[in-house]
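Peer 1: My structure is stored as structure18.cif, with mmCIF, C-alpha atoms.
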```
data_coords
loop_
_atom_site.label_atom_id
_atom_site.label_comp_id
_atom_site.auth_asym_id
_atom_site.auth_seq_id
_atom_site.Cartn_x
_atom_site.Cartn_y
_atom_site.Cartn_z
CA MET A 1 113.90 78.29 113.47
CA VAL A 2 112.32 79.40 110.20
CA LYS A 3 110.77 82.86 110.25
CA LYS A 4 107.30 82.92 108.71
CA GLN A 5 107.06 85.41 105.84
CA LYS A 6 104.01 87.62 105.49
CA CYS A 7 102.08 87.71 102.24
CA GLU A 8 101.77 91.22 100.82
CA PHE A 9 98.12 90.58 99.90
CA CYS A 10 96.64 88.90 102.99
CA ASP A 11 98.71 90.33 105.86
CA GLU A 12 95.88 91.31 108.23
CA THR A 13 97.90 93.96 110.07
CA LYS A 14 98.18 96.05 106.88
CA TYR A 15 94.42 96.01 106.42
CA GLU A 16 93.76 96.90 110.06
CA LYS A 17 96.00 99.96 109.73
CA ASP A 18 94.50 100.94 106.38
CA TYR A 19 90.94 100.50 107.69
CA TYR A 20 91.26 103.53 109.95
CA ALA A 21 92.64 105.56 107.03
CA GLY A 22 89.53 104.64 105.03
CA GLN A 23 91.32 102.29 102.62
CA VAL A 24 90.53 98.62 102.94
CA SER A 25 91.46 97.20 99.54
CA LYS A 26 94.37 96.77 97.16
CA ARG A 27 94.20 96.76 93.37
CA LEU A 28 95.33 93.43 91.91
CA ALA A 29 94.60 93.99 88.23
CA ASN A 30 93.51 96.96 86.16
CA GLY A 31 91.63 96.78 82.89
CA GLY A 32 90.02 99.29 80.56
CA TRP A 33 86.74 99.71 82.44
CA THR A 34 87.26 97.03 85.05
CA GLY A 35 89.50 96.20 87.95
CA LEU A 36 90.07 93.44 90.50
CA ASP A 37 90.66 94.25 94.17
CA ILE A 38 91.40 92.25 97.30
CA GLY A 39 90.21 93.77 100.55
CA LYS A 40 88.89 93.26 104.04
CA ASP A 41 85.75 94.47 105.74
CA TYR A 42 83.72 93.48 108.80
CA LYS A 43 82.73 90.15 107.13
CA GLY A 44 86.29 89.13 106.22
CA PHE A 45 88.54 89.09 103.17
CA TYR A 46 87.03 89.45 99.71
CA LEU A 47 87.83 89.71 96.02
CA GLN A 48 85.90 92.44 94.22
CA ALA A 49 85.39 92.93 90.51
CA LEU A 50 84.72 96.58 89.71
CA GLY A 51 83.41 98.13 86.52
CA ASP A 52 81.61 101.39 85.72
CA GLY A 53 80.99 102.11 89.41
CA GLU A 54 79.40 98.70 90.00
CA GLY A 55 81.11 96.01 92.04
CA ASP A 56 80.53 92.45 93.21
CA LYS A 57 82.28 90.98 96.24
CA VAL A 58 83.16 87.32 96.73
CA TYR A 59 84.25 86.44 100.27
CA ILE A 60 87.21 84.07 100.29
CA LYS A 61 88.50 81.62 102.91
CA TYR A 62 92.03 81.20 101.50
CA CYS A 63 94.50 83.71 100.09
CA PRO A 64 94.71 83.18 96.30
CA PHE A 65 98.44 84.01 96.38
CA CYS A 66 100.01 82.23 99.36
CA GLY A 67 97.23 79.71 100.18
CA ARG A 68 96.97 80.72 103.84
CA LYS A 69 93.60 80.16 105.53
CA LEU A 70 92.05 83.57 106.20
#
```
Translate this structure into structure tokens?
Peer 2:
Amino acid sequence: MVKKQKCEFCDETKYEKDYYAGQVSKRLANGGWTGLDIGKDYKGFYLQALGDGEGDKVYIKYCPFCGRKL
């Protein structure tokens, strides 16, 4: 029997635990004035581009790293 490995970016149990601590996202890439996060909220998983306090969320159906359906 092959044990299924969990993706460090889309493992839902990590986000559930972090949600109650007030942290629901992880930083994927950091730039000068911008950043890219993956997170989870009440609507589902999202990618968020952040810059100068502004941010846009795109809700995703598949993990961009492991390809699992979210």
Peer 1: To one decimal in Å, tell me the separation between atom CA of Cys66 of chain A and atom CA of Cys7 of chain A.
Peer 2: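 Calculated distance between atom CA of Cys66 of chain A and atom CA of Cys7 of chain A is 6.5 Å.
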Peer 1: Which residue is closest to Tyr15 of chain A? Choose from A:Asp41, A:Ala29, A:Thr34, A:Gly53 and count only C-alpha atoms.
Peer 2: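 Nearest to Tyr15 of chain A: A:Asp41.
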Peer 1: Evaluate the PyMOL selection byres ((chain A and resi 47) around 12) against this structure - the residues, as a count of residues only, please.
Peer 2: 31
Peer 1: Have a look at atom CA of Gly67 of chain A and atom CA of Glu16 of chain A and let me know their distance in Å, one decimal.
Peer 2: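 The value is 20.1 Å.
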Peer 1: Between A:Lys17, A:Asp11, A:Tyr42, A:Trp33, which has the minimum distance to Phe65 of chain A (counting only C-alpha atoms)?
Peer 2: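 Going through A:Lys17, A:Asp11, A:Tyr42, A:Trp33 one by one, the smallest distance to Phe65 of chain A is for A:Asp11.
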Peer 1: Return as AutoDock Vina command-line options the centre and edge lengths, in Å with one decimal, of the box along x, y and z that encloses every atom of segment 43-55 of chain A in the file, padded by 4 Å per side.
Peer 2:
```
--center_x 84.0 --center_y 95.6 --center_z 96.4 --size_x 17.1 --size_y 21.0 --size_z 29.4
```
